[in-house]
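For reference, the structure is listed below as structure tokens.
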Amino acid sequence: DLELGGAELEEPALREEVLEERVKAALATPDRLPISLTLPLRPEPFDQRGLHPFFENLLPEGWLLELSTAKLKVSKDDAFGLLLATCGDCVGAVEIGDLTGSAT
């Protein structure tokens with residue numbers, strides 16, 4: 001299930017409609033800034049195979065990657081799982097979390 005502003009949205013069509021309205025509202029706000037030059041504000045979705053480079057650069061590398069994957073039992077090949085497991089408390093305007101509420 002998806003939660004927006006404390007309200008749980010169970011119907012897929014309703015989720016899409018609410019998300020679309022929130023994106024439109026965010027884009028219409030004049031003082032909004034993109035989180036990255038590679039992620040400009042736009043109404044179209046970013047169609048990307050795998051993680052967008054912005055998010056990929058948040059992932060651990062080297063010895064920290066080895067330690068993180070062993071400790072968290074996440075495959076090095078699971079970029080989305082690794083992002084969810086290691087980037088919950090990012091610096092800046094980005095928040096990464098599991099909307100289903102299940103533990104990672």
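Residues in the structure tokens are named by chain (A, B, ... in the order shown) and by number from 1 within that chain; ligands are numbered from 1 in the order shown.
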Neighbouring residues of region 75-79 of chain A were defined as those with any atom within 12 Å, considering only C-alpha atoms; residues of the same chain fewer than 3 positions away were excluded. Please report them as a list in words.
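The neighbour list is Arg49, Gly50, Leu51, His52, Pro53, Phe55, Glu56, Asn57, Leu58, Leu59, Pro60, Glu61, Gly62, Leu64, Leu65, Glu66, Leu67, Ser68, Thr69, Ala70, Lys71, Leu72, Leu82, Leu83, Leu84, Ala85, Thr86 and Cys87 of chain A.
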If we count only C-alpha atoms and set the cut-off at 12 Å, which residues sit around Pro45 (chain A), ignoring sequence neighbours fewer than 5 positions away in its own chain? Please answer as an mmCIF file with all heavy atoms, in the first residue's frame.
```
data_model
loop_
_atom_site.group_PDB
_atom_site.id
_atom_site.type_symbol
_atom_site.label_atom_id
_atom_site.label_comp_id
_atom_site.auth_asym_id
_atom_site.auth_seq_id
_atom_site.Cartn_x
_atom_site.Cartn_y
_atom_site.Cartn_z
ATOM 1 N N LEU A 19 -0.754 10.733 -6.961
ATOM 2 C CA LEU A 19 0.643 11.042 -7.254
ATOM 3 C C LEU A 19 0.764 12.053 -8.385
ATOM 4 O O LEU A 19 1.575 12.972 -8.327
ATOM 5 C CB LEU A 19 1.409 9.766 -7.600
ATOM 6 C CG LEU A 19 1.720 8.848 -6.429
ATOM 7 C CD1 LEU A 19 2.297 7.531 -6.935
ATOM 8 C CD2 LEU A 19 2.655 9.497 -5.443
ATOM 9 N N GLU A 20 -0.049 11.882 -9.408
ATOM 10 C CA GLU A 20 -0.030 12.805 -10.538
ATOM 11 C C GLU A 20 -0.396 14.220 -10.089
ATOM 12 O O GLU A 20 0.234 15.194 -10.488
ATOM 13 C CB GLU A 20 -1.009 12.316 -11.614
ATOM 14 C CG GLU A 20 -0.876 13.041 -12.924
ATOM 15 C CD GLU A 20 -1.753 12.416 -13.995
ATOM 16 O OE1 GLU A 20 -1.639 11.200 -14.224
ATOM 17 O OE2 GLU A 20 -2.547 13.165 -14.589
ATOM 18 N N VAL A 23 2.512 15.716 -8.136
ATOM 19 C CA VAL A 23 3.585 16.142 -9.032
ATOM 20 C C VAL A 23 3.215 17.461 -9.688
ATOM 21 O O VAL A 23 4.026 18.389 -9.740
ATOM 22 C CB VAL A 23 3.892 15.053 -10.093
ATOM 23 C CG1 VAL A 23 4.772 15.607 -11.199
ATOM 24 C CG2 VAL A 23 4.540 13.855 -9.446
ATOM 25 N N LEU A 39 18.312 15.547 -12.433
ATOM 26 C CA LEU A 39 16.903 15.242 -12.154
ATOM 27 C C LEU A 39 16.101 16.539 -12.155
ATOM 28 O O LEU A 39 15.613 16.988 -11.123
ATOM 29 C CB LEU A 39 16.766 14.546 -10.786
ATOM 30 C CG LEU A 39 17.262 13.124 -10.703
ATOM 31 C CD1 LEU A 39 17.274 12.646 -9.257
ATOM 32 C CD2 LEU A 39 16.403 12.208 -11.542
ATOM 33 N N PRO A 40 15.965 17.161 -13.317
ATOM 34 C CA PRO A 40 15.224 18.420 -13.372
ATOM 35 C C PRO A 40 13.736 18.203 -13.073
ATOM 36 O O PRO A 40 13.211 17.098 -13.237
ATOM 37 C CB PRO A 40 15.427 18.884 -14.820
ATOM 38 C CG PRO A 40 15.666 17.628 -15.579
ATOM 39 C CD PRO A 40 16.387 16.709 -14.633
ATOM 40 N N HIS A 52 18.867 5.478 -11.325
ATOM 41 C CA HIS A 52 19.342 6.723 -11.924
ATOM 42 C C HIS A 52 20.721 7.002 -11.308
ATOM 43 O O HIS A 52 20.948 6.713 -10.128
ATOM 44 C CB HIS A 52 18.356 7.850 -11.598
ATOM 45 C CG HIS A 52 18.673 9.130 -12.278
ATOM 46 N ND1 HIS A 52 19.647 9.982 -11.804
ATOM 47 C CD2 HIS A 52 18.160 9.699 -13.388
ATOM 48 C CE1 HIS A 52 19.708 11.041 -12.589
ATOM 49 N NE2 HIS A 52 18.823 10.884 -13.572
#
```
DSSP alpha helix (DSSP H) residues within region 7-90 of chain A, as a count of residues only:
40
